[in-house]
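Peer 1: After the structure tokens below, expect a handful of questions from me.
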Amino acid sequence: MTSKTASTLLSALLIAGAGFTSHPALAAAPVTAAVTGLPDFADLVDKVGPAVVNIRTTERVRQGQGAGGDEEMQEFLRRFFGGQMVPRGGGNNRRGMPQQEEEQVQRGVGSGFIISDDGYVLTNAHVVEGADEVTVTLTDRREFKAKVLGADRRSDVAVLKVDARNLPSLRMGDSNKIRVGEWVIAIGSPFNLENTVTAGIISAKQRDTGEYLPLIQSDVAVNPGNSGGPLINMRGEVIGINSQIATLSGAYNGISFAVPIDEVLRVTDQIKKSGKVTRGRLGVQISEVTRDVAESLGLGRARGAEVAMVEPGGPAEKAGVKVGDIILKFNGKDIEKSSDLPRQVGGTAVGSRATVTVWRRGSQLELPVSIVELQEEKAPGARSTPKKPTPEQAPNALGLHVSDLSAAQKRELKIDAGVLVESAEGRAASAGIQQGDLILQINNAEVTSAAQFNGLVGKLDPKKPVAILVRRDNASQYLVIKPRAQ
């Protein structure tokens, strides 16, 4: 093809393209705002930078205890967290006995920010955890000893107080109003490089990485030492506290997470009032509802939280919540995924009354419940293995051989009904059912005996999946047995 021919062809294509786009039905949507260039953060940093602080923590150790660990760990602390190497010289006295004198050893460096001119400072709980002394340094080089008023590990928020007045402070934003794609900046002390500014965009608003709160995901560069620093929008408002990174190397990998400022402020208010954070508790263990389980139980779509265990004597048990229930709403608010439930319950006042809406055997029930205070997680109970009766039946169509439980076994296991799995093969074994499991429910029907269970299995549609509520140890879960491949 000659250059003249190519030129003619290109002109024809451009003319044809112009003709197509001029047609009203095919015209491209108008661009509402053109991108003319990257934002300039300089004025923003000048405005907010003075309220971002460097936080150093120290702890008291005995020299003879080797608090610094081995040399590789010492070097890691020195390079990445600002920790100082414990002097090895003089570690022993002349008689070769370890010295017992206490020494202040720097643990690490983090970031924080001032929220009021009278000296309240926010940072991450993990920044100050285990510290005997906390030092806050401002951009003008002023230093203050800070008192830790309280720290909440679940949200990773800590509130500090320094004795000062007329300090620069930051304005709080609304993390519910953030938008994916908007520009944000982070200021902190990565690798002990104070007042380092990095910029990026919000990648996701509610990333499920925390048990009690969704985190803000961004691509702002966050490294060790940035922890506790603010995530700031273009209006100069704090929308989160930088807390975590997703990484395989220990350094920034393009994904960072911040605690939403709305949750931070709720925690801060409680710490300032009482020095601790209280959350509500329902007394259940839950798991996600899969699409297959939702279809088998008639839910229509995957939603809610599956109740795997009910705490004996807890609020849920007193309210009538049972293993195998699907919690669809809490106080009238939908539970779309299982992680929604602990967040909603945790934010409910201790001692208040609430309503739990559950799906049980094909219908919805509303159960009133009294919320109690969340305590430290208890260790799981010992496994209860029922005595297995002698097999008398062949495996049914699902590949399950089950037997009845005696009244004594039911009392010991604290259940009213159910059957014992003697053996599982074929599709049942592929679904994860094991010998020794208890089967409490099949689809929306309670299992009362081996004969009744086998009768229900015989009436199943072989082309549809089957949801089996299985109890193993002290927890229960729906396992789905899928139809045979045609």
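Identifiers in this document derive from the order of the structure tokens: chains are assigned A, B, ..., residues are numbered from 1 separately in each chain, and ligands are numbered from 1 in order of occurrence.
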Any chance you could list, as a PyMOL selection string, the residues in region 153-383 of chain A that come up strand (DSSP E) when DSSP is run on the backbone?
Peer 2: chain A and resi 157-162+171-172+183-188+196-207+215-218+230-233+237-245+256-260+280-281+284-288+305-310+326-330+333-334+353-360+363-370+372-373
Peer 1: Based on the backbone DSSP call, show me all residues of region 130-337 of chain A assigned helix (DSSP H, G or I), as a PyMOL selection string.
Peer 2: chain A and resi 175-177+190-192+261-274+291-297+315-319
Peer 1: For the residues in the current selection, export C-alpha atoms as a short mmCIF file (atom, residue, chain, number, x, y, z; two decimals), in the first residue's frame.
Peer 2:
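Below is the file that was written, part.cif:
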data_model
loop_
_atom_site.label_atom_id
_atom_site.label_comp_id
_atom_site.auth_asym_id
_atom_site.auth_seq_id
_atom_site.Cartn_x
_atom_site.Cartn_y
_atom_site.Cartn_z
CA SER A 175 -16.28 8.76 55.83
CA ASN A 176 -19.82 7.91 54.68
CA LYS A 177 -19.57 10.55 51.96
CA PRO A 190 7.48 5.99 57.11
CA PHE A 191 10.84 4.47 58.04
CA ASN A 192 11.20 7.35 60.55
CA ILE A 261 -13.11 8.36 60.75
CA ASP A 262 -16.76 7.87 61.72
CA GLU A 263 -15.85 4.70 63.62
CA VAL A 264 -12.73 6.40 64.99
CA LEU A 265 -14.80 9.21 66.48
CA ARG A 266 -17.25 6.78 68.11
CA VAL A 267 -14.35 4.98 69.74
CA THR A 268 -12.69 8.27 70.71
CA ASP A 269 -15.81 9.57 72.45
CA GLN A 270 -16.07 6.42 74.58
CA ILE A 271 -12.39 6.44 75.50
CA LYS A 272 -12.52 10.11 76.51
CA LYS A 273 -15.55 9.44 78.72
CA SER A 274 -14.62 6.12 80.32
CA ARG A 291 -25.66 -19.18 47.03
CA ASP A 292 -26.31 -22.94 47.12
CA VAL A 293 -27.49 -22.80 50.74
CA ALA A 294 -29.75 -19.82 50.00
CA GLU A 295 -31.29 -21.64 47.03
CA SER A 296 -31.84 -24.84 49.00
CA LEU A 297 -33.52 -23.00 51.90
CA PRO A 315 -28.83 -13.40 74.81
CA ALA A 316 -29.52 -15.23 71.54
CA GLU A 317 -30.43 -18.50 73.25
CA LYS A 318 -32.75 -16.68 75.67
CA ALA A 319 -34.39 -14.99 72.69
#
Peer 1: For the atom pair CA of Leu149 (chain A) and CA of Ser256 (chain A), what is the interatomic distance in Å to one decimal place?
Peer 2: 26.8 Å
Peer 1: If you count only C-alpha atoms, which residues fall within 8 Å of region 424-426 of chain A, apart from same-chain ones fewer than 3 positions away, as a ChimeraX atom specification?
Peer 2: /A:395,398-401,421,429-430,433-435
Peer 1: Can you spit out the residues from that selection as an mmCIF file, in the first residue's frame, using N, CA and C atoms?
Peer 2:
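And here is the file that came out, again-v3.cif:
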data_model
loop_
_atom_site.group_PDB
_atom_site.id
_atom_site.type_symbol
_atom_site.label_atom_id
_atom_site.label_comp_id
_atom_site.auth_asym_id
_atom_site.auth_seq_id
_atom_site.Cartn_x
_atom_site.Cartn_y
_atom_site.Cartn_z
ATOM 1 N N PRO A 395 -26.388 -47.100 53.230
ATOM 2 C CA PRO A 395 -26.365 -45.668 52.875
ATOM 3 C C PRO A 395 -27.555 -45.295 52.002
ATOM 4 N N LEU A 398 -28.150 -40.124 49.204
ATOM 5 C CA LEU A 398 -27.115 -39.085 49.302
ATOM 6 C C LEU A 398 -25.750 -39.657 49.657
ATOM 7 N N GLY A 399 -25.698 -40.951 49.969
ATOM 8 C CA GLY A 399 -24.446 -41.559 50.387
ATOM 9 C C GLY A 399 -24.230 -41.499 51.891
ATOM 10 N N LEU A 400 -25.326 -41.319 52.635
ATOM 11 C CA LEU A 400 -25.233 -41.190 54.084
ATOM 12 C C LEU A 400 -25.861 -42.389 54.789
ATOM 13 N N HIS A 401 -25.139 -42.899 55.758
ATOM 14 C CA HIS A 401 -25.671 -43.920 56.641
ATOM 15 C C HIS A 401 -25.791 -43.277 58.012
ATOM 16 N N VAL A 421 -24.126 -39.470 61.929
ATOM 17 C CA VAL A 421 -23.582 -39.994 60.671
ATOM 18 C C VAL A 421 -22.648 -41.155 60.994
ATOM 19 N N ALA A 429 -19.820 -37.309 51.038
ATOM 20 C CA ALA A 429 -18.416 -37.159 51.414
ATOM 21 C C ALA A 429 -17.773 -36.010 50.653
ATOM 22 N N SER A 430 -18.129 -35.857 49.381
ATOM 23 C CA SER A 430 -17.576 -34.753 48.584
ATOM 24 C C SER A 430 -18.011 -33.402 49.142
ATOM 25 N N ILE A 433 -19.221 -33.893 54.544
ATOM 26 C CA ILE A 433 -19.822 -34.575 55.695
ATOM 27 C C ILE A 433 -18.934 -35.749 56.097
ATOM 28 N N GLN A 434 -18.767 -35.927 57.415
ATOM 29 C CA GLN A 434 -17.843 -36.929 57.926
ATOM 30 C C GLN A 434 -18.530 -37.839 58.937
ATOM 31 N N GLN A 435 -17.925 -38.997 59.135
ATOM 32 C CA GLN A 435 -18.392 -39.911 60.181
ATOM 33 C C GLN A 435 -18.311 -39.212 61.533
#
Peer 1: Hey, can you check how far CA of Glu306 (chain A) sits from CA of Ala475 (chain A)?
Peer 2: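 Atom-to-atom, CA of Glu306 (chain A) and CA of Ala475 (chain A) are spaced 11.3 Å apart.
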Peer 1: Show which residues sit within 12 Å of Leu420 (chain A), as a ChimeraX atom specification. Count only C-alpha atoms, and ignore same-chain residues fewer than 2 positions away.
Peer 2: /A:385-391,400-406,409-410,413,417-418,422-424,433-441,447-450,453,470-472
